[in-house]
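This is work33.cif. It holds mmCIF, C-alpha atoms.
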data_run
loop_
_atom_site.label_atom_id
_atom_site.label_comp_id
_atom_site.auth_asym_id
_atom_site.auth_seq_id
_atom_site.Cartn_x
_atom_site.Cartn_y
_atom_site.Cartn_z
CA MET H 1 -58.38 -50.62 268.38
CA THR H 2 -61.68 -51.09 266.57
CA VAL H 3 -61.50 -52.36 263.01
CA ASP H 4 -64.11 -51.10 260.57
CA TYR H 5 -65.11 -54.04 258.38
CA GLY H 6 -68.09 -52.36 256.72
CA LEU H 7 -66.43 -50.28 254.01
CA PRO H 8 -63.92 -52.93 252.86
CA LEU H 9 -66.71 -55.51 252.56
CA GLU H 10 -68.92 -53.13 250.61
CA THR H 11 -66.00 -52.50 248.24
CA LEU H 12 -66.00 -56.22 247.47
CA THR H 13 -69.75 -56.44 246.94
CA ARG H 14 -69.53 -53.77 244.21
CA LEU H 15 -67.52 -56.13 242.02
CA ARG H 16 -69.31 -57.90 239.17
CA GLY H 17 -71.02 -61.13 240.18
CA VAL H 18 -70.33 -60.84 243.93
CA ARG H 19 -73.39 -61.71 246.02
CA GLY H 20 -71.84 -61.47 249.44
CA ALA H 21 -68.68 -60.80 251.42
CA MET H 22 -68.00 -61.76 255.00
CA VAL H 23 -65.36 -61.73 257.70
CA VAL H 24 -65.65 -64.97 259.66
CA SER H 25 -63.92 -66.44 262.70
CA ALA H 26 -61.76 -69.24 261.26
CA GLU H 27 -61.94 -71.50 264.29
CA ASP H 28 -65.63 -71.07 265.14
CA GLY H 29 -67.21 -70.42 261.74
CA ILE H 30 -69.12 -67.51 263.27
CA VAL H 31 -69.86 -64.33 261.29
CA VAL H 32 -67.86 -61.28 262.44
CA ALA H 33 -69.15 -58.87 259.77
CA ASP H 34 -71.01 -59.26 256.51
CA ALA H 35 -72.40 -57.53 253.44
CA LEU H 36 -74.86 -59.91 251.80
CA MET H 37 -77.70 -60.07 249.32
CA GLU H 38 -81.00 -60.38 251.17
CA ASP H 39 -81.75 -64.00 250.28
CA VAL H 40 -78.42 -65.41 251.50
CA SER H 41 -78.01 -67.25 254.81
CA GLY H 42 -74.75 -65.80 256.07
CA GLU H 43 -74.55 -68.08 259.11
CA ALA H 44 -74.73 -71.22 256.98
CA VAL H 45 -72.15 -69.99 254.48
CA ALA H 46 -69.81 -68.91 257.29
CA ALA H 47 -69.99 -72.21 259.16
CA LEU H 48 -69.56 -74.38 256.08
CA ALA H 49 -66.89 -72.23 254.42
CA ALA H 50 -64.82 -72.07 257.63
CA SER H 51 -65.01 -75.84 257.94
CA LEU H 52 -63.99 -76.21 254.30
CA ALA H 53 -61.06 -73.81 254.75
CA GLN H 54 -59.89 -75.68 257.83
CA ARG H 55 -60.02 -79.07 256.07
CA MET H 56 -58.33 -77.71 252.97
CA GLY H 57 -55.62 -76.17 255.13
CA GLN H 58 -55.04 -79.49 256.85
CA ALA H 59 -54.90 -81.31 253.51
CA VAL H 60 -52.45 -78.84 251.97
CA THR H 61 -50.13 -78.72 254.98
CA ALA H 62 -50.18 -82.53 255.09
CA THR H 63 -48.66 -82.53 251.62
CA GLY H 64 -45.78 -80.44 252.93
CA TYR H 65 -46.83 -77.12 251.41
CA ALA H 66 -47.50 -73.95 253.37
CA VAL H 67 -50.92 -72.88 254.62
CA PRO H 68 -53.06 -71.73 251.66
CA THR H 69 -53.35 -67.99 251.08
CA PHE H 70 -56.27 -68.21 248.64
CA LEU H 71 -58.96 -70.84 248.13
CA HIS H 72 -61.22 -70.94 245.09
CA LEU H 73 -64.16 -73.35 244.81
CA GLN H 74 -65.90 -73.15 241.44
CA THR H 75 -69.29 -74.76 240.81
CA SER H 76 -71.74 -74.58 237.93
CA ALA H 77 -73.93 -72.23 240.01
CA GLY H 78 -71.24 -69.90 241.32
CA ALA H 79 -67.94 -69.52 243.10
CA LEU H 80 -66.68 -69.38 246.68
CA LEU H 81 -63.43 -67.53 247.40
CA ILE H 82 -61.62 -67.55 250.75
CA VAL H 83 -58.58 -65.60 251.96
CA PRO H 84 -57.20 -66.36 255.47
CA THR H 85 -56.75 -62.99 257.18
CA GLY H 86 -54.71 -62.36 260.28
CA GLU H 87 -54.47 -64.89 263.06
CA ASP H 88 -57.99 -66.24 263.20
CA LEU H 89 -60.15 -64.67 260.51
CA LEU H 90 -61.29 -65.59 257.03
CA LEU H 91 -62.36 -63.20 254.32
CA ILE H 92 -65.08 -64.97 252.31
CA VAL H 93 -66.65 -63.89 249.04
CA PHE H 94 -69.21 -65.80 246.98
CA GLY H 95 -70.92 -64.97 243.75
CA SER H 96 -72.60 -66.01 240.53
CA PRO H 97 -70.82 -67.93 237.73
CA ASP H 98 -69.91 -64.67 235.95
CA ILE H 99 -67.84 -63.41 238.90
CA ASN H 100 -64.49 -61.96 237.81
CA VAL H 101 -62.27 -64.25 239.87
CA GLY H 102 -58.99 -62.51 239.04
CA LEU H 103 -60.14 -59.02 239.96
CA THR H 104 -62.00 -60.27 243.03
CA ARG H 105 -58.89 -62.12 244.20
CA VAL H 106 -56.77 -58.96 243.92
CA GLU H 107 -59.36 -56.91 245.80
CA MET H 108 -59.70 -59.59 248.50
CA LEU H 109 -55.95 -59.60 249.08
CA ASN H 110 -56.02 -55.76 249.31
CA VAL H 111 -58.87 -55.89 251.83
CA SER H 112 -57.07 -58.60 253.76
CA GLU H 113 -54.05 -56.29 254.07
CA GLN H 114 -56.30 -53.51 255.39
CA LEU H 115 -57.82 -55.81 258.00
CA HIS H 116 -54.45 -56.92 259.41
CA MET B 1 -77.58 -93.02 269.78
CA ARG B 2 -80.70 -93.85 271.80
CA ALA B 3 -84.06 -92.10 271.81
CA LEU B 4 -87.22 -92.67 273.83
CA GLU B 5 -89.38 -91.22 271.05
CA PRO B 6 -88.97 -92.87 267.59
CA TRP B 7 -89.72 -89.65 265.67
CA VAL B 8 -86.65 -88.05 267.29
CA GLU B 9 -84.21 -90.59 265.86
CA GLN B 10 -83.89 -89.38 262.26
CA PRO B 11 -83.40 -85.65 263.02
CA LEU B 12 -80.91 -86.51 265.77
CA ALA B 13 -79.01 -88.96 263.55
CA SER B 14 -78.73 -86.31 260.81
CA PHE B 15 -77.49 -83.75 263.32
CA LEU B 16 -74.86 -86.13 264.70
CA SER B 17 -73.67 -87.08 261.24
CA GLU B 18 -73.41 -83.49 259.99
CA SER B 19 -72.13 -81.72 263.10
CA GLU B 20 -69.68 -84.37 264.33
CA ALA B 21 -70.70 -83.58 267.91
CA ARG B 22 -69.19 -85.85 270.56
CA LEU B 23 -72.02 -85.88 273.07
CA THR B 24 -75.64 -84.86 272.62
CA LEU B 25 -78.54 -84.86 275.04
CA LEU B 26 -82.14 -83.93 274.29
CA MET B 27 -84.33 -83.40 277.33
CA THR B 28 -87.52 -81.75 278.43
CA GLY B 29 -87.45 -78.41 280.20
CA ALA B 30 -87.71 -80.29 283.49
CA GLY B 31 -84.60 -82.35 282.73
CA GLN B 32 -86.31 -85.59 281.66
CA VAL B 33 -84.03 -87.20 279.07
CA VAL B 34 -85.58 -87.86 275.65
CA ALA B 35 -82.50 -88.94 273.67
CA GLN B 36 -78.76 -89.23 274.09
CA HIS B 37 -75.67 -89.89 272.07
CA GLY B 38 -72.14 -90.57 273.27
CA PHE B 39 -72.77 -91.09 276.98
CA THR B 40 -71.69 -94.46 278.33
CA ARG B 41 -72.89 -94.19 281.91
CA ALA B 42 -76.40 -93.50 283.14
CA PHE B 43 -75.00 -91.42 285.97
CA ASP B 44 -73.39 -89.01 283.49
CA VAL B 45 -76.67 -88.59 281.63
CA MET B 46 -78.54 -87.85 284.84
CA SER B 47 -75.94 -85.29 285.91
CA ALA B 48 -75.71 -83.59 282.52
CA ALA B 49 -79.50 -83.39 282.17
CA ALA B 50 -79.96 -81.90 285.61
CA LEU B 51 -77.13 -79.41 285.15
CA GLY B 52 -78.22 -78.44 281.63
CA ALA B 53 -81.82 -77.82 282.68
CA GLY B 54 -80.55 -75.84 285.66
CA ILE B 55 -78.30 -73.66 283.50
CA VAL B 56 -81.14 -72.89 281.09
CA SER B 57 -83.42 -71.97 283.98
CA SER B 58 -80.73 -69.76 285.49
CA THR B 59 -80.00 -67.89 282.27
CA GLU B 60 -83.70 -67.42 281.55
CA GLU B 61 -84.14 -65.92 284.99
CA MET B 62 -81.10 -63.72 284.41
CA ALA B 63 -82.63 -62.51 281.14
CA ARG B 64 -85.89 -61.78 282.95
CA VAL B 65 -84.06 -59.74 285.60
CA MET B 66 -82.27 -57.80 282.85
CA GLY B 67 -85.57 -57.17 281.10
CA ALA B 68 -84.40 -59.06 278.03
CA ARG B 69 -85.94 -61.90 276.06
CA PRO B 70 -84.67 -65.38 276.98
CA PHE B 71 -81.27 -66.17 275.51
CA ARG B 72 -81.53 -68.33 272.39
CA ALA B 73 -78.42 -70.35 273.13
CA LEU B 74 -75.54 -70.52 275.56
CA THR B 75 -72.02 -71.53 274.62
CA HIS B 76 -68.93 -72.35 276.65
CA GLN B 77 -65.71 -72.84 274.73
CA GLY B 78 -62.61 -74.37 276.21
CA ARG B 79 -59.31 -75.18 274.54
CA GLY B 80 -60.33 -78.67 273.57
CA LEU B 81 -64.06 -78.96 274.13
CA GLY B 82 -67.03 -76.69 273.66
CA LEU B 83 -70.53 -76.88 275.09
CA PHE B 84 -73.66 -75.63 273.34
CA LEU B 85 -76.97 -75.39 275.18
CA SER B 86 -80.25 -74.23 273.67
CA ALA B 87 -83.95 -74.47 274.53
CA PHE B 88 -86.72 -74.69 271.94
CA GLU B 89 -90.47 -75.25 271.71
CA THR B 90 -92.13 -78.28 270.12
CA SER B 91 -95.71 -79.50 270.21
CA ALA B 92 -94.39 -82.08 272.70
CA GLY B 93 -93.42 -79.22 275.01
CA ARG B 94 -90.32 -77.23 275.78
CA TRP B 95 -87.12 -79.13 275.08
CA ILE B 96 -83.45 -78.48 275.70
CA GLY B 97 -80.49 -79.62 273.61
CA LEU B 98 -77.05 -80.03 275.14
CA VAL B 99 -74.15 -80.62 272.76
CA VAL B 100 -70.47 -81.20 273.54
CA PHE B 101 -68.10 -80.78 270.61
CA ASP B 102 -64.36 -80.84 270.04
CA ARG B 103 -61.95 -79.43 267.48
CA ASP B 104 -63.12 -81.84 264.77
CA THR B 105 -66.03 -79.45 264.25
CA SER B 106 -66.86 -75.83 265.10
CA LEU B 107 -69.45 -73.79 266.96
CA GLY B 108 -70.77 -72.50 263.65
CA LEU B 109 -71.42 -76.00 262.31
CA VAL B 110 -73.00 -77.14 265.59
CA GLN B 111 -75.32 -74.11 265.58
CA LEU B 112 -76.19 -74.52 261.92
CA PHE B 113 -77.11 -78.20 262.13
CA PHE B 114 -78.72 -77.84 265.56
CA ASP B 115 -81.12 -75.27 264.08
CA ARG B 116 -81.90 -77.68 261.24
CA MET B 117 -82.53 -80.49 263.73
CA VAL B 118 -84.87 -78.26 265.73
CA GLN B 119 -86.80 -77.42 262.57
CA GLU B 120 -87.15 -81.13 261.76
CA LEU B 121 -88.20 -81.94 265.33
CA VAL B 122 -90.80 -79.17 265.32
CA GLU B 123 -92.20 -80.40 262.00
CA GLY B 124 -92.07 -84.06 263.03
CA ALA B 125 -93.41 -83.79 266.56
CA PRO B 126 -96.77 -85.58 266.98
CA GLN B 127 -99.59 -83.14 267.55
CA THR B 128 -100.39 -84.36 271.03
CA GLU B 129 -100.43 -82.77 274.42
CA ALA B 130 -97.08 -81.87 275.89
CA ARG B 131 -95.38 -84.66 277.80
CA GLN B 132 -96.66 -84.51 281.34
CA GLN B 133 -94.27 -83.38 284.03
CA VAL B 134 -93.19 -86.22 286.29
CA LEU B 135 -94.56 -85.97 289.79
CA ALA B 136 -92.22 -86.38 292.72
CA GLN B 137 -93.70 -89.76 293.70
CA ASP B 138 -93.17 -91.11 290.17
CA PHE B 139 -89.75 -89.58 289.65
CA GLU B 140 -87.57 -92.54 290.60
CA GLN B 141 -89.61 -95.00 288.56
CA GLU B 142 -89.73 -92.68 285.53
CA LEU B 143 -86.00 -92.01 285.76
CA GLN B 144 -85.08 -95.69 285.95
CA SER B 145 -87.41 -96.51 283.08
CA SER B 146 -85.91 -93.77 280.88
CA LEU B 147 -82.35 -94.77 281.66
CA ARG B 148 -83.07 -98.44 280.93
CA ALA B 149 -84.48 -97.44 277.54
CA LEU B 150 -81.59 -95.10 276.77
CA PHE B 151 -78.89 -97.58 277.69
CA GLY B 152 -80.68 -100.73 276.53
CA ARG B 153 -80.59 -102.40 279.93
#
Before we go any further, please render this structure as structure tokens.
Amino acid sequence: MTVDYGLPLETLTRLRGVRGAMVVSAEDGIVVADALMEDVSGEAVAALAASLAQRMGQAVTATGYAVPTFLHLQTSAGALLIVPTGEDLLLIVFGSPDINVGLTRVEMLNVSEQLH
Amino acid sequence: MRALEPWVEQPLASFLSESEARLTLLMTGAGQVVAQHGFTRAFDVMSAAALGAGIVSSTEEMARVMGARPFRALTHQGRGLGLFLSAFETSAGRWIGLVVFDRDTSLGLVQLFFDRMVQELVEGAPQTEARQQVLAQDFEQELQSSLRALFGR
């Protein structure tokens, strides 16, 4: 079965403040599909975000809690949001400081369900 | 980490630090080793360099037969270890990078920081003629000299 990633990703990029959305291989950090602003290096974001998600997952499970279902990294210049999707994929969204994190989180979880 | 060319050291050190690669070999297109990290035996370096250069030549020929442009990089991924192989042009000639990585890092990170290293090497390469190919009669002497430098013996 072929999964269409295009439309779900474009749905995410229509949200306020979102500058890019990607589906990334969790283990490899390689881009599977993306919808990005032109000036964004998707490969770099994918590799670094996947590494971050893996390390965060290891840290959280080491504390005895379950694998994270949502990661939110907030900086003064913007935000990075990650939702593990399926066996080996990550749904990644990043945006400007005015991104609506709550709404984006809900939409990411909806998209994650669609991609299962 | 050992390098025959001093200007290679900083870009390679940054790559190793960022990518967490286990083994790295930089060589010329002919398989002459320029720098290495992680190898403990000269024999392994010789074998890896020869095999890496051979694989790049084979895939380039395959691309030519298929009417395609040369492949940018070649990756093998096993359960525990992965291998990344890529050729690139510098003012010092055509070079090949061979990287072995494990589950402490990922293919994406290796690719990302390898590309950055290549950019730094291209910018930092002295504007001289490409390193001359070693002639058959000089091969043994050149090989021994390179290995002595790379392993500090």
Which residues of chain B come within 7 Å of chain H, and what is each one's closest atom pair and distance in Å (one decimal), counting only C-alpha atoms, sorted by chain and residue number, as JSON lines?
{"residue": "B:Ser106", "atom": "CA", "partner": "H:Asp28", "partner_atom": "CA", "distance": 4.9}
{"residue": "B:Leu107", "atom": "CA", "partner": "H:Asp28", "partner_atom": "CA", "distance": 5.0}
{"residue": "B:Gly108", "atom": "CA", "partner": "H:Gly29", "partner_atom": "CA", "distance": 4.5}
{"residue": "B:Leu109", "atom": "CA", "partner": "H:Ala47", "partner_atom": "CA", "distance": 5.1}
{"residue": "B:Leu112", "atom": "CA", "partner": "H:Ala44", "partner_atom": "CA", "distance": 6.1}
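Across H:Gln58, H:His116, H:Ser41, H:Tyr5, the tightest approach to Asp88 (chain H) is made by H:His116 when counting all atoms listed in the file.
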Checklist entry - Please, what distance in Å, to one decimal, runs between CA of Gln127 (chain B) and CA of Gly93 (chain B)? => result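 Interatomic distance, CA of Gln127 (chain B) to CA of Gly93 (chain B): 10.4 Å.
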Explicit residue set for the PyMOL selection byres ((chain H and resi 110) around 12), as a CSV table (one decimal) with C-alpha atoms, in the coordinates of the input:
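Listed below is the output, out_0.csv:
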chain,number,residue,atom,x,y,z
H,8,PRO,CA,-63.9,-52.9,252.9
H,9,LEU,CA,-66.7,-55.5,252.6
H,11,THR,CA,-66.0,-52.5,248.2
H,12,LEU,CA,-66.0,-56.2,247.5
H,83,VAL,CA,-58.6,-65.6,252.0
H,85,THR,CA,-56.8,-63.0,257.2
H,91,LEU,CA,-62.4,-63.2,254.3
H,103,LEU,CA,-60.1,-59.0,240.0
H,104,THR,CA,-62.0,-60.3,243.0
H,105,ARG,CA,-58.9,-62.1,244.2
H,106,VAL,CA,-56.8,-59.0,243.9
H,107,GLU,CA,-59.4,-56.9,245.8
H,108,MET,CA,-59.7,-59.6,248.5
H,109,LEU,CA,-56.0,-59.6,249.1
H,111,VAL,CA,-58.9,-55.9,251.8
H,112,SER,CA,-57.1,-58.6,253.8
H,113,GLU,CA,-54.0,-56.3,254.1
H,114,GLN,CA,-56.3,-53.5,255.4
H,115,LEU,CA,-57.8,-55.8,258.0
H,116,HIS,CA,-54.4,-56.9,259.4
Checklist entry - What is the CA of Ser47 (chain B)-CA of Arg116 (chain B) distance in Å, reported with one decimal? => result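 Computing it gives 26.5 Å between the two atoms.
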Next on the checklist: Translate the PyMOL selection byres ((chain B and resi 87) around 8) into a concrete residue list for this structure, as a ChimeraX atom specification.
Outcome noted: /B:29,56,72-73,85-86,88-89,94-97
Checklist entry - When the PyMOL selection byres ((chain B and resi 1-8) around 6) is applied to the file above, which residues end up in the set, as a PyMOL selection string? => result chain B and resi 9-11+34-37+150
Next on the checklist: Ranking H:Val23, H:Ile92, H:Val60, H:Leu15 by minimum distance to Leu80 (chain H) and counting all atoms listed in the file, which one comes first?
Outcome noted: H:Ile92
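Comparing H:Thr61, H:Ile82, H:His72, H:Leu89 by their smallest distance to Ala33 (chain H), the closest is H:Leu89 (using only C-alpha atoms).
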Report, as JSON, the axis-aligned box around all atoms of region 96-112 of chain B present in the file, extended by 5 Å on each side; give centre and edge lengths in Å to one decimal place.
{"center_x": -72.7, "center_y": -77.2, "center_z": 268.8, "size_x": 31.5, "size_y": 19.3, "size_z": 23.8}
Have region 103-116 of chain B completed to N, CA and C atoms, please, and pass it along as a PDB file, in the frame of the given file.
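The resulting file, result_23.pdb, is reproduced below:
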ATOM      1  N   ARG B 103     -62.544 -80.205 268.569  1.00  0.00           N
ATOM      2  CA  ARG B 103     -61.950 -79.430 267.480  1.00  0.00           C
ATOM      3  C   ARG B 103     -62.136 -80.082 266.111  1.00  0.00           C
ATOM      4  N   ASP B 104     -62.790 -81.246 266.059  1.00  0.00           N
ATOM      5  CA  ASP B 104     -63.120 -81.840 264.770  1.00  0.00           C
ATOM      6  C   ASP B 104     -64.237 -81.069 264.071  1.00  0.00           C
ATOM      7  N   THR B 105     -64.947 -80.247 264.831  1.00  0.00           N
ATOM      8  CA  THR B 105     -66.030 -79.450 264.250  1.00  0.00           C
ATOM      9  C   THR B 105     -65.903 -78.024 264.778  1.00  0.00           C
ATOM     10  N   SER B 106     -66.941 -77.219 264.637  1.00  0.00           N
ATOM     11  CA  SER B 106     -66.860 -75.830 265.100  1.00  0.00           C
ATOM     12  C   SER B 106     -68.213 -75.404 265.664  1.00  0.00           C
ATOM     13  N   LEU B 107     -68.201 -74.316 266.410  1.00  0.00           N
ATOM     14  CA  LEU B 107     -69.450 -73.790 266.960  1.00  0.00           C
ATOM     15  C   LEU B 107     -70.430 -73.442 265.836  1.00  0.00           C
ATOM     16  N   GLY B 108     -69.904 -72.873 264.763  1.00  0.00           N
ATOM     17  CA  GLY B 108     -70.770 -72.500 263.650  1.00  0.00           C
ATOM     18  C   GLY B 108     -71.505 -73.685 263.056  1.00  0.00           C
ATOM     19  N   LEU B 109     -70.784 -74.802 262.865  1.00  0.00           N
ATOM     20  CA  LEU B 109     -71.420 -76.000 262.310  1.00  0.00           C
ATOM     21  C   LEU B 109     -72.432 -76.584 263.298  1.00  0.00           C
ATOM     22  N   VAL B 110     -72.074 -76.610 264.576  1.00  0.00           N
ATOM     23  CA  VAL B 110     -73.000 -77.140 265.590  1.00  0.00           C
ATOM     24  C   VAL B 110     -74.273 -76.304 265.601  1.00  0.00           C
ATOM     25  N   GLN B 111     -74.144 -74.981 265.579  1.00  0.00           N
ATOM     26  CA  GLN B 111     -75.320 -74.110 265.580  1.00  0.00           C
ATOM     27  C   GLN B 111     -76.167 -74.330 264.334  1.00  0.00           C
ATOM     28  N   LEU B 112     -75.485 -74.377 263.202  1.00  0.00           N
ATOM     29  CA  LEU B 112     -76.190 -74.520 261.920  1.00  0.00           C
ATOM     30  C   LEU B 112     -77.027 -75.799 261.897  1.00  0.00           C
ATOM     31  N   PHE B 113     -76.396 -76.931 262.238  1.00  0.00           N
ATOM     32  CA  PHE B 113     -77.110 -78.200 262.130  1.00  0.00           C
ATOM     33  C   PHE B 113     -78.056 -78.430 263.319  1.00  0.00           C
ATOM     34  N   PHE B 114     -77.770 -77.783 264.445  1.00  0.00           N
ATOM     35  CA  PHE B 114     -78.720 -77.840 265.560  1.00  0.00           C
ATOM     36  C   PHE B 114     -80.027 -77.155 265.154  1.00  0.00           C
ATOM     37  N   ASP B 115     -79.911 -75.984 264.526  1.00  0.00           N
ATOM     38  CA  ASP B 115     -81.120 -75.270 264.080  1.00  0.00           C
ATOM     39  C   ASP B 115     -81.915 -76.105 263.088  1.00  0.00           C
ATOM     40  N   ARG B 116     -81.193 -76.812 262.208  1.00  0.00           N
ATOM     41  CA  ARG B 116     -81.900 -77.680 261.240  1.00  0.00           C
ATOM     42  C   ARG B 116     -82.599 -78.836 261.956  1.00  0.00           C
TER      43      ARG B 116
END
